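One file, data_10.tsv, carrying TSV, C-alpha atoms:
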chain	number	residue	atom	x	y	z
A	36	MET	CA	0.00	0.00	0.00
A	37	ALA	CA	1.28	3.45	-0.87
A	38	GLU	CA	2.23	5.71	2.01
A	39	PRO	CA	-0.73	7.90	3.06
A	40	ARG	CA	-0.10	11.34	1.64
A	41	GLU	CA	-0.28	13.03	5.06
A	42	TYR	CA	2.77	11.02	6.17
A	43	LEU	CA	4.55	11.69	2.90
A	44	VAL	CA	4.20	15.47	3.42
A	45	HIS	CA	5.53	15.13	6.97
A	46	HIS	CA	8.52	13.05	5.80
A	47	ILE	CA	9.33	15.55	3.06
A	48	GLN	CA	9.19	18.49	5.47
A	49	ASP	CA	11.45	16.64	7.92
A	50	ALA	CA	13.89	15.96	5.11
A	51	LEU	CA	13.86	19.60	4.00
A	52	ALA	CA	14.70	20.71	7.54
A	53	THR	CA	17.52	18.21	8.06
A	54	ASP	CA	19.04	17.47	4.65
A	55	PRO	CA	22.24	19.56	4.35
A	56	ARG	CA	21.31	20.46	0.78
A	57	ALA	CA	18.09	22.20	1.87
A	58	ARG	CA	17.95	23.18	5.59
A	59	GLU	CA	14.68	25.00	5.10
A	60	LEU	CA	11.65	24.96	7.39
A	61	GLY	CA	9.55	27.37	5.37
A	62	VAL	CA	8.50	25.14	2.48
A	63	ASP	CA	4.79	24.46	2.19
A	64	VAL	CA	4.24	21.05	0.60
A	65	GLN	CA	0.76	20.30	-0.73
A	66	VAL	CA	-0.54	17.23	-2.51
A	67	MET	CA	-2.79	18.21	-5.40
A	68	GLY	CA	-4.00	15.22	-7.38
A	69	ASP	CA	-0.86	13.46	-8.60
A	70	ARG	CA	1.36	16.50	-8.00
A	71	LEU	CA	3.41	17.73	-5.05
A	72	VAL	CA	3.31	21.52	-5.11
A	73	LEU	CA	6.07	23.42	-3.28
A	74	THR	CA	5.52	27.02	-2.19
A	75	GLY	CA	7.45	29.36	0.10
A	76	THR	CA	10.68	31.31	-0.25
A	77	ALA	CA	14.22	30.01	-0.72
A	78	ALA	CA	17.25	32.09	0.22
A	79	THR	CA	18.97	31.66	-3.16
A	80	PRO	CA	18.31	30.11	-6.59
A	81	ALA	CA	20.70	27.28	-5.63
A	82	GLN	CA	18.72	26.50	-2.48
A	83	ARG	CA	15.47	26.58	-4.47
A	84	ALA	CA	16.90	23.94	-6.84
A	85	ALA	CA	18.29	21.87	-3.96
A	86	ILE	CA	14.90	21.82	-2.22
A	87	ALA	CA	13.26	20.44	-5.36
A	88	GLU	CA	16.03	17.85	-5.65
A	89	VAL	CA	15.43	16.61	-2.08
A	90	VAL	CA	11.68	16.42	-2.69
A	91	GLU	CA	12.12	14.57	-6.01
A	92	GLU	CA	14.00	11.82	-4.18
A	93	LEU	CA	11.06	11.22	-1.84
A	94	ALA	CA	8.21	11.98	-4.20
A	95	GLY	CA	7.41	8.41	-5.31
A	96	GLY	CA	5.02	8.66	-8.22
A	97	TYR	CA	4.14	12.28	-7.64
A	98	GLU	CA	5.20	14.98	-10.05
A	99	VAL	CA	7.02	17.81	-8.23
A	100	VAL	CA	5.88	21.32	-9.11
A	101	ASN	CA	8.29	23.90	-7.72
A	102	GLU	CA	6.42	27.18	-7.18
A	103	MET	CA	8.91	28.52	-4.63
A	104	ALA	CA	10.08	32.12	-4.83
A	105	VAL	CA	13.63	33.30	-4.18
A	106	LEU	CA	14.24	35.87	-1.46
A	107	SER	CA	14.07	39.37	-2.84
A	108	ALA	CA	16.90	41.39	-1.36
A	109	ASP	CA	16.81	44.53	-3.48
A	110	GLU	CA	17.56	47.83	-1.81
A	111	ASP	CA	14.66	50.27	-2.20
A	112	GLY	CA	15.19	52.67	0.70
A	113	SER	CA	11.49	53.16	1.50
A	114	VAL	CA	10.87	54.57	4.96
A	115	GLU	CA	7.97	54.17	7.38
A	116	GLU	CA	7.53	57.21	9.62
A	117	LEU	CA	6.70	56.08	13.13
A	118	SER	CA	6.62	59.40	14.91
B	30	MET	CA	15.12	62.07	12.86
B	31	THR	CA	16.46	58.63	13.61
B	32	ARG	CA	16.37	56.04	10.88
B	33	VAL	CA	16.57	52.43	11.89
B	34	ALA	CA	17.10	49.79	9.21
B	35	ALA	CA	15.97	46.30	10.08
B	36	VAL	CA	15.89	42.87	8.48
B	37	ALA	CA	15.67	39.28	9.73
B	38	ASP	CA	15.96	35.82	8.22
B	39	ILE	CA	18.65	36.56	5.66
B	40	HIS	CA	19.70	32.86	6.00
B	41	VAL	CA	23.20	33.27	4.63
B	42	GLY	CA	24.72	30.05	3.26
B	43	VAL	CA	27.72	29.33	1.10
B	44	ASP	CA	25.64	30.03	-2.01
B	45	SER	CA	24.67	33.52	-0.76
B	46	VAL	CA	27.96	35.24	-1.52
B	47	GLY	CA	27.38	38.73	-2.86
B	48	ARG	CA	23.59	38.74	-2.44
B	49	VAL	CA	23.44	40.44	0.97
B	50	ALA	CA	26.21	42.90	0.13
B	51	ALA	CA	24.47	43.91	-3.10
B	52	GLY	CA	21.37	44.93	-1.15
B	53	MET	CA	23.20	47.03	1.44
B	54	ARG	CA	25.37	49.26	-0.73
B	55	HIS	CA	23.43	52.43	0.15
B	56	LEU	CA	22.67	51.52	3.76
B	57	ASN	CA	25.13	53.97	5.35
B	58	GLU	CA	23.53	56.98	3.67
B	59	ARG	CA	19.94	55.86	4.36
B	60	ALA	CA	20.01	54.65	7.97
B	61	ASP	CA	21.70	55.40	11.29
B	62	LEU	CA	21.58	51.88	12.65
B	63	LEU	CA	21.02	48.31	11.37
B	64	LEU	CA	19.08	45.72	13.34
B	65	LEU	CA	19.35	42.03	12.43
B	66	GLY	CA	16.47	40.00	13.88
B	67	GLY	CA	17.97	36.51	13.85
B	68	ASP	CA	18.49	33.66	11.37
B	69	LEU	CA	21.49	35.43	9.98
B	70	THR	CA	22.83	32.02	8.91
B	71	ARG	CA	21.22	28.98	7.35
B	72	CYS	CA	22.45	26.40	9.87
B	73	GLY	CA	24.53	28.26	12.46
B	74	GLU	CA	27.85	27.06	11.05
B	75	PRO	CA	30.84	29.31	11.77
B	76	VAL	CA	31.67	29.43	8.05
B	77	GLU	CA	28.24	30.97	7.47
B	78	ALA	CA	28.81	33.57	10.20
B	79	GLU	CA	32.10	34.43	8.46
B	80	LEU	CA	30.12	34.99	5.28
B	81	VAL	CA	27.70	37.32	7.10
B	82	ALA	CA	30.67	39.33	8.36
B	83	GLN	CA	32.20	39.38	4.89
B	84	GLU	CA	28.96	40.51	3.27
B	85	LEU	CA	28.64	43.43	5.73
B	86	ALA	CA	32.26	44.37	5.06
B	87	LYS	CA	31.84	44.04	1.30
B	88	ALA	CA	28.86	46.41	1.43
B	89	GLY	CA	31.00	48.84	3.47
B	90	VAL	CA	28.46	48.95	6.31
B	91	ASP	CA	29.88	51.31	8.91
B	92	ILE	CA	26.75	52.25	10.87
B	93	PRO	CA	26.25	50.35	14.16
B	94	VAL	CA	24.90	46.82	13.67
B	95	VAL	CA	22.95	45.13	16.48
B	96	ALA	CA	21.69	41.54	16.22
B	97	VAL	CA	19.99	38.68	17.99
B	98	LEU	CA	20.36	35.08	16.87
B	99	GLY	CA	17.51	32.93	15.59
B	100	ASN	CA	16.70	29.22	15.67
B	101	HIS	CA	18.70	28.56	12.48
B	102	ASP	CA	21.76	30.15	14.11
B	103	HIS	CA	21.45	27.55	16.90
B	104	HIS	CA	21.08	24.48	14.67
B	105	ALA	CA	24.76	23.48	14.46
B	106	GLY	CA	25.24	23.89	18.22
B	107	ARG	CA	28.14	26.31	17.67
B	108	VAL	CA	26.56	29.48	19.05
B	109	ALA	CA	29.66	30.72	20.91
B	110	GLU	CA	31.73	30.54	17.73
B	111	VAL	CA	29.04	32.26	15.67
B	112	VAL	CA	28.71	35.06	18.23
B	113	GLY	CA	32.50	35.44	18.41
B	114	ILE	CA	32.81	35.81	14.64
B	115	LEU	CA	30.00	38.38	14.47
B	116	GLU	CA	31.40	40.36	17.40
B	117	ASP	CA	34.88	40.36	15.85
B	118	ALA	CA	33.21	41.96	12.82
B	119	GLY	CA	31.78	44.71	15.03
B	120	VAL	CA	28.24	43.35	15.35
B	121	VAL	CA	26.74	43.69	18.85
B	122	VAL	CA	24.93	40.40	19.57
B	123	LEU	CA	22.23	40.63	22.25
B	124	ASP	CA	20.91	37.71	24.31
B	125	GLY	CA	18.81	38.96	27.20
B	126	THR	CA	21.04	42.03	27.15
B	127	ALA	CA	20.92	45.62	25.95
B	128	THR	CA	23.11	48.19	24.28
B	129	THR	CA	22.79	51.93	23.67
B	130	VAL	CA	23.72	53.52	20.36
B	131	GLY	CA	24.21	57.26	20.02
B	132	VAL	CA	22.74	58.68	16.82
B	133	GLY	CA	23.28	62.41	16.34
B	134	GLY	CA	22.54	63.28	19.95
B	135	THR	CA	19.75	60.73	20.35
B	136	ALA	CA	20.41	57.68	22.51
B	137	ILE	CA	18.75	54.56	21.09
B	138	GLY	CA	18.50	51.76	23.64
B	139	ILE	CA	18.13	48.29	22.17
B	140	ALA	CA	17.20	45.31	24.31
B	141	GLY	CA	17.33	41.99	22.53
B	142	THR	CA	16.83	38.29	22.88
B	143	LYS	CA	16.00	35.40	20.58
B	144	GLY	CA	12.66	34.61	22.22
B	145	PHE	CA	10.94	31.25	21.81
B	146	GLY	CA	7.53	29.69	21.17
B	147	GLY	CA	4.51	28.69	23.21
B	148	GLY	CA	1.62	30.41	21.49
B	149	PHE	CA	-0.71	33.22	22.32
B	150	ALA	CA	-3.35	33.96	24.95
B	151	GLY	CA	-6.16	31.47	24.88
B	152	ALA	CA	-4.17	28.93	22.85
B	153	ASN	CA	-0.85	28.82	24.63
B	154	ALA	CA	1.30	26.13	26.19
B	155	THR	CA	1.52	25.89	29.97
B	156	ALA	CA	4.29	24.47	32.15
B	157	PHE	CA	2.31	21.41	33.19
B	158	GLY	CA	2.89	17.68	32.90
B	159	GLU	CA	5.98	16.16	31.35
B	160	PRO	CA	9.43	17.62	31.98
B	161	ALA	CA	9.83	18.31	28.26
B	162	MET	CA	6.68	20.44	28.26
B	163	LYS	CA	7.81	22.34	31.34
B	164	ALA	CA	11.24	22.86	29.78
B	165	PHE	CA	9.63	24.25	26.61
B	166	VAL	CA	7.53	26.80	28.46
B	167	ASN	CA	10.27	27.66	30.95
B	168	GLU	CA	12.64	28.39	28.08
B	169	THR	CA	10.21	31.04	26.83
B	170	ARG	CA	9.72	32.38	30.34
B	171	ARG	CA	13.50	32.70	30.72
B	172	GLU	CA	13.75	34.54	27.40
B	173	ALA	CA	10.89	36.88	28.32
B	174	ALA	CA	12.39	37.63	31.74
B	175	GLY	CA	15.75	38.40	30.15
B	176	LEU	CA	14.10	40.77	27.69
B	177	HIS	CA	12.13	42.50	30.45
B	178	ASP	CA	15.22	43.06	32.56
B	179	ALA	CA	17.24	44.30	29.60
B	180	LEU	CA	14.49	46.79	28.68
B	181	VAL	CA	14.31	48.06	32.24
B	182	ALA	CA	18.10	48.41	32.39
B	183	VAL	CA	18.44	50.34	29.13
B	184	ARG	CA	15.50	52.72	29.59
B	185	PRO	CA	17.02	55.33	31.95
B	186	GLY	CA	19.76	56.39	29.52
B	187	ALA	CA	17.76	56.14	26.31
B	188	ASP	CA	15.63	58.61	24.35
B	189	ARG	CA	14.09	55.75	22.36
B	190	VAL	CA	13.91	52.06	23.22
B	191	ILE	CA	13.63	49.17	20.75
B	192	ALA	CA	12.98	45.53	21.60
B	193	LEU	CA	14.75	43.21	19.13
B	194	LEU	CA	13.59	39.60	18.84
B	195	HIS	CA	13.60	36.66	16.47
B	196	TYR	CA	10.34	35.04	17.60
B	197	ALA	CA	7.06	36.97	17.42
B	198	PRO	CA	5.50	38.61	20.49
B	199	VAL	CA	2.01	39.04	18.98
B	200	PRO	CA	-0.19	37.05	16.58
B	201	GLU	CA	-0.99	40.04	14.34
B	202	THR	CA	2.37	39.84	12.56
B	203	LEU	CA	1.79	36.11	11.94
B	204	ARG	CA	-1.26	36.69	9.72
B	205	GLY	CA	-0.65	34.58	6.62
B	206	GLU	CA	0.95	31.73	8.56
B	207	ARG	CA	-1.04	28.55	9.27
B	208	LEU	CA	-2.83	28.93	12.58
B	209	GLU	CA	-1.65	25.45	13.65
B	210	ILE	CA	1.99	26.57	13.79
B	211	TYR	CA	1.50	29.78	15.78
B	212	PRO	CA	2.83	28.13	18.97
B	213	PHE	CA	6.14	27.51	17.18
B	214	LEU	CA	6.38	31.08	15.94
B	215	GLY	CA	6.15	33.10	19.14
B	216	SER	CA	4.68	33.72	22.53
B	217	HIS	CA	2.53	36.31	24.26
B	218	LEU	CA	4.99	36.12	27.18
B	219	LEU	CA	7.35	38.23	25.08
B	220	ALA	CA	4.68	40.90	24.51
B	221	GLU	CA	3.82	40.92	28.21
B	222	ALA	CA	7.48	41.54	29.08
B	223	ILE	CA	7.66	44.40	26.57
B	224	ASP	CA	4.41	46.02	27.69
B	225	THR	CA	5.45	45.78	31.33
B	226	ALA	CA	8.90	47.27	30.79
B	227	GLY	CA	7.99	49.69	27.98
B	228	ALA	CA	9.43	50.27	24.51
B	229	ASP	CA	8.83	52.43	21.45
B	230	LEU	CA	9.15	49.73	18.79
B	231	VAL	CA	9.43	45.95	18.58
B	232	VAL	CA	11.21	44.27	15.68
B	233	HIS	CA	11.18	40.51	15.00
B	234	GLY	CA	11.44	37.93	12.23
B	235	HIS	CA	10.95	34.13	12.02
B	236	ALA	CA	7.46	34.17	10.47
B	237	HIS	CA	8.24	34.09	6.74
B	238	ASN	CA	4.59	33.98	5.68
B	239	GLY	CA	3.42	36.51	8.24
B	240	SER	CA	2.61	40.21	7.98
B	241	GLU	CA	4.75	43.26	8.62
B	242	ARG	CA	2.64	45.27	11.04
B	243	GLY	CA	1.12	44.60	14.41
B	244	VAL	CA	0.79	46.09	17.85
B	245	THR	CA	1.16	44.72	21.39
B	246	PRO	CA	-1.87	44.65	23.71
B	247	GLY	CA	-0.25	47.66	25.41
B	248	GLY	CA	-0.15	49.63	22.16
B	249	ILE	CA	3.53	49.31	21.15
B	250	ARG	CA	4.20	48.97	17.42
B	251	VAL	CA	5.51	45.59	16.26
B	252	ARG	CA	7.18	45.00	12.90
B	253	ASN	CA	7.95	41.61	11.36
B	254	VAL	CA	11.01	42.22	9.18
B	255	ALA	CA	11.54	38.65	7.99
B	256	GLN	CA	12.99	39.17	4.52
B	257	PRO	CA	10.32	37.05	2.79
B	258	VAL	CA	7.74	39.39	4.37
B	259	ILE	CA	9.35	42.75	3.59
B	260	GLN	CA	10.60	41.59	0.16
B	261	ARG	CA	13.59	43.91	0.19
B	262	ALA	CA	17.10	44.11	1.60
B	263	TYR	CA	15.89	45.89	4.74
B	264	ARG	CA	13.09	48.10	5.98
B	265	ILE	CA	13.69	51.58	7.39
B	266	TYR	CA	11.70	52.97	10.32
B	267	ASP	CA	11.99	56.64	11.19
B	268	LEU	CA	11.61	57.07	14.94
B	269	GLY	CA	11.29	60.86	14.63
B	270	GLU	CA	12.58	63.36	17.16
B	271	PRO	CA	12.96	62.18	20.75
B	272	THR	CA	10.05	63.05	22.97
B	273	VAL	CA	10.94	65.44	25.74
B	274	ARG	CA	9.77	63.70	28.84
B	275	ALA	CA	7.77	65.75	31.28
B	276	ALA	CA	9.57	66.37	34.53
B	277	PRO	CA	7.94	64.74	37.53
B	278	ALA	CA	5.44	67.08	39.14
B	279	ALA	CA	6.97	69.06	41.97
B	280	ALA	CA	5.95	67.89	45.37
B	281	THR	CA	3.51	70.17	47.09
B	282	GLY	CA	3.02	70.34	50.71
Once you've parsed the file, please lay out its structure as structure tokens.
Amino acid sequence: MAEPREYLVHHIQDALATDPRARELGVDVQVMGDRLVLTGTAATPAQRAAIAEVVEELAGGYEVVNEMAVLSADEDGSVEELS
Amino acid sequence: MTRVAAVADIHVGVDSVGRVAAGMRHLNERADLLLLGGDLTRCGEPVEAELVAQELAKAGVDIPVVAVLGNHDHHAGRVAEVVGILEDAGVVVLDGTATTVGVGGTAIGIAGTKGFGGGFAGANATAFGEPAMKAFVNETRREAAGLHDALVAVRPGADRVIALLHYAPVPETLRGERLEIYPFLGSHLLAEAIDTAGADLVVHGHAHNGSERGVTPGGIRVRNVAQPVIQRAYRIYDLGEPTVRAAPAAATG
């Protein structure tokens, strides 16, 4: 019997937190039909790719859809006045 | 006018070289002070702390930099080394402690600690039952007490006081996160400590899917500056001119 999808999501999130390639807690993993959809924000493009790689290894028959964003670190200088 | 730049959760790893520096090239001219609200590194490895220091140097950051660590900075179990590397680079690292930074005649007191979880009023953990549960809640209590004492200590010499955290003190800045994980994202014990001791602004990170703005039950502004939330290199908050405190009323008799 295939692993219930709830456990699969848990195992993937554990792997993303502990696998040295990923080390990311902020990935939302959802099962949608026969796809595993990843959302959240990676620190760099390399980490985004590594996260998908870790998930692919555990995904079984699911297709991995990587919808993760990469951290935007542009400098825009906008100011909020608090006084 | 006092401009405080703040960011958290920059998660620097070996593949981050150049990214942080690129976003901070104009920091010196735009802000008087930089606050880093934890998760500076991806796993808390000393090599990653070295990269944080190098990125700040590469960007030429020469305004004061004050930081707290986050849960990622603790992961490798090498906190003392990480703190040492950051401090050697001129970063003041707070942990239940405070520092005062002079900015053009205004004294900015910053009290900081990492904080911890436990949840928020009505849906919070209590120190009851198993030792592990008591240890979890007592860790947050210890963090909150450290923050309270640091705020009290820094207040007398400061025109403005900022509380710097990694974990969230209020649920408002968690909006967007799944409700089920709130207890892992912060604790109302931190807000209670801040409201009791007093502050002008609270800055935290940790909640990547949260919201930027909130307020403590006592009315103090809270800002979640996790980089995935603010979507920029840093946010700047202008604290304005220092308020002239009224002198205590003269005794009559």
Please indicate the distance in Å from atom CA of B:Val244 to atom CA of B:Glu201, rounded to one decimal place.
7.2 Å
Can you pull out the residues contacting B:Arg189? Cut-off 7 Å, using only C-alpha atoms, and skip same-chain residues under 2 positions away; I want them as a PDB file with C-alpha atoms, keeping the file's coordinate frame.
ATOM      1  CA  ALA B 136      20.410  57.680  22.510  1.00  0.00           C
ATOM      2  CA  ILE B 137      18.750  54.560  21.090  1.00  0.00           C
ATOM      3  CA  GLY B 138      18.500  51.760  23.640  1.00  0.00           C
ATOM      4  CA  ALA B 187      17.760  56.140  26.310  1.00  0.00           C
ATOM      5  CA  ILE B 191      13.630  49.170  20.750  1.00  0.00           C
ATOM      6  CA  ASP B 229       8.830  52.430  21.450  1.00  0.00           C
ATOM      7  CA  PRO B 271      12.960  62.180  20.750  1.00  0.00           C
TER       8      PRO B 271
END
Which residues of chain A come within 8 Å of chain B, and for each one, what is the closest pair of atoms and their distance in Å to one decimal, counting only C-alpha atoms, sorted by chain and residue number, as JSON lines?
{"residue": "A:Arg58", "atom": "CA", "partner": "B:Arg71", "partner_atom": "CA", "distance": 6.9}
{"residue": "A:Glu59", "atom": "CA", "partner": "B:Arg71", "partner_atom": "CA", "distance": 8.0}
{"residue": "A:Gly61", "atom": "CA", "partner": "B:His237", "partner_atom": "CA", "distance": 7.0}
{"residue": "A:Gly75", "atom": "CA", "partner": "B:Asn238", "partner_atom": "CA", "distance": 7.8}
{"residue": "A:Thr76", "atom": "CA", "partner": "B:Pro257", "partner_atom": "CA", "distance": 6.5}
{"residue": "A:Ala78", "atom": "CA", "partner": "B:His40", "partner_atom": "CA", "distance": 6.3}
{"residue": "A:Thr79", "atom": "CA", "partner": "B:Ser45", "partner_atom": "CA", "distance": 6.5}
{"residue": "A:Ala81", "atom": "CA", "partner": "B:Asp44", "partner_atom": "CA", "distance": 6.7}
{"residue": "A:Gln82", "atom": "CA", "partner": "B:Asp44", "partner_atom": "CA", "distance": 7.8}
{"residue": "A:Leu106", "atom": "CA", "partner": "B:Pro257", "partner_atom": "CA", "distance": 5.9}
{"residue": "A:Ser107", "atom": "CA", "partner": "B:Gln260", "partner_atom": "CA", "distance": 5.1}
{"residue": "A:Ala108", "atom": "CA", "partner": "B:Ala262", "partner_atom": "CA", "distance": 4.0}
{"residue": "A:Asp109", "atom": "CA", "partner": "B:Arg261", "partner_atom": "CA", "distance": 4.9}
{"residue": "A:Glu110", "atom": "CA", "partner": "B:Gly52", "partner_atom": "CA", "distance": 4.8}
{"residue": "A:Asp111", "atom": "CA", "partner": "B:Arg261", "partner_atom": "CA", "distance": 6.9}
{"residue": "A:Gly112", "atom": "CA", "partner": "B:Arg59", "partner_atom": "CA", "distance": 6.8}
{"residue": "A:Ser113", "atom": "CA", "partner": "B:Ile265", "partner_atom": "CA", "distance": 6.5}
{"residue": "A:Val114", "atom": "CA", "partner": "B:Ile265", "partner_atom": "CA", "distance": 4.8}
{"residue": "A:Glu115", "atom": "CA", "partner": "B:Tyr266", "partner_atom": "CA", "distance": 4.9}
{"residue": "A:Glu116", "atom": "CA", "partner": "B:Asp267", "partner_atom": "CA", "distance": 4.8}
{"residue": "A:Leu117", "atom": "CA", "partner": "B:Leu268", "partner_atom": "CA", "distance": 5.3}
{"residue": "A:Ser118", "atom": "CA", "partner": "B:Gly269", "partner_atom": "CA", "distance": 4.9}
Selected residues written out, C-alpha atoms, as a PDB file, keeping the file's coordinate frame:
ATOM      1  CA  ARG A  58      17.950  23.180   5.590  1.00  0.00           C
ATOM      2  CA  GLU A  59      14.680  25.000   5.100  1.00  0.00           C
ATOM      3  CA  GLY A  61       9.550  27.370   5.370  1.00  0.00           C
ATOM      4  CA  GLY A  75       7.450  29.360   0.100  1.00  0.00           C
ATOM      5  CA  THR A  76      10.680  31.310  -0.250  1.00  0.00           C
ATOM      6  CA  ALA A  78      17.250  32.090   0.220  1.00  0.00           C
ATOM      7  CA  THR A  79      18.970  31.660  -3.160  1.00  0.00           C
ATOM      8  CA  ALA A  81      20.700  27.280  -5.630  1.00  0.00           C
ATOM      9  CA  GLN A  82      18.720  26.500  -2.480  1.00  0.00           C
ATOM     10  CA  LEU A 106      14.240  35.870  -1.460  1.00  0.00           C
ATOM     11  CA  SER A 107      14.070  39.370  -2.840  1.00  0.00           C
ATOM     12  CA  ALA A 108      16.900  41.390  -1.360  1.00  0.00           C
ATOM     13  CA  ASP A 109      16.810  44.530  -3.480  1.00  0.00           C
ATOM     14  CA  GLU A 110      17.560  47.830  -1.810  1.00  0.00           C
ATOM     15  CA  ASP A 111      14.660  50.270  -2.200  1.00  0.00           C
ATOM     16  CA  GLY A 112      15.190  52.670   0.700  1.00  0.00           C
ATOM     17  CA  SER A 113      11.490  53.160   1.500  1.00  0.00           C
ATOM     18  CA  VAL A 114      10.870  54.570   4.960  1.00  0.00           C
ATOM     19  CA  GLU A 115       7.970  54.170   7.380  1.00  0.00           C
ATOM     20  CA  GLU A 116       7.530  57.210   9.620  1.00  0.00           C
ATOM     21  CA  LEU A 117       6.700  56.080  13.130  1.00  0.00           C
ATOM     22  CA  SER A 118       6.620  59.400  14.910  1.00  0.00           C
TER      23      SER A 118
END
Which neighbours of A:Arg83 fall inside 7 Å, counting only C-alpha atoms, when residues of the same chain fewer than 5 positions from it are skipped, and could you give them as a list in words?
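Those residues are Ala77, Met103 and Val105 of chain A.
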Can you work out the spacing between atom CA of B:Val190 and atom CA of B:Ala109 in Å, to one decimal?
26.6 Å
With distances taken over only C-alpha atoms, which of B:Ala164, B:Lys87, B:Ala226, B:Asp188 is nearest to B:Gly134?
B:Asp188
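Across the model, the gap from atom CA of B:Val94 to atom CA of A:Leu60 is 26.3 Å.
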Could you check the closest approach to A:Tyr97 for each of A:Thr74, A:Gln65, A:Thr53, A:Gln48 and tell me which residue wins, using all atoms listed in the file?
A:Gln65
B:Ile210 environment, 10 Å, all atoms listed in the file, sequence neighbours closer than 2 positions dropped, as a list in words:
Gly146, Gly147, Gly148, Leu203, Glu206, Arg207, Leu208, Pro212, Phe213, Leu214, Gly215 and Ala236 of chain B
Just write the chosen residues, C-alpha atoms, as a tab-separated table (two decimals), keeping the file's coordinate frame.
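The resulting result-v4.tsv:
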chain	number	residue	atom	x	y	z
B	146	GLY	CA	7.53	29.69	21.17
B	147	GLY	CA	4.51	28.69	23.21
B	148	GLY	CA	1.62	30.41	21.49
B	203	LEU	CA	1.79	36.11	11.94
B	206	GLU	CA	0.95	31.73	8.56
B	207	ARG	CA	-1.04	28.55	9.27
B	208	LEU	CA	-2.83	28.93	12.58
B	212	PRO	CA	2.83	28.13	18.97
B	213	PHE	CA	6.14	27.51	17.18
B	214	LEU	CA	6.38	31.08	15.94
B	215	GLY	CA	6.15	33.10	19.14
B	236	ALA	CA	7.46	34.17	10.47
For B:His233, find every residue with an atom within 8 Å (counting only C-alpha atoms), except residues of its own chain fewer than 6 positions away, and show them as a PyMOL selection string.
chain B and resi 37+66-67+193-197+251-255
Report, as AutoDock Vina command-line options, the centre and edge lengths in Å (one decimal) of the axis-aligned box enclosing every listed atom of stretch 132-140 of chain B, padded by 3 Å on each side.
--center_x 20.2 --center_y 54.3 --center_z 20.3 --size_x 12.1 --size_y 24.0 --size_z 14.0
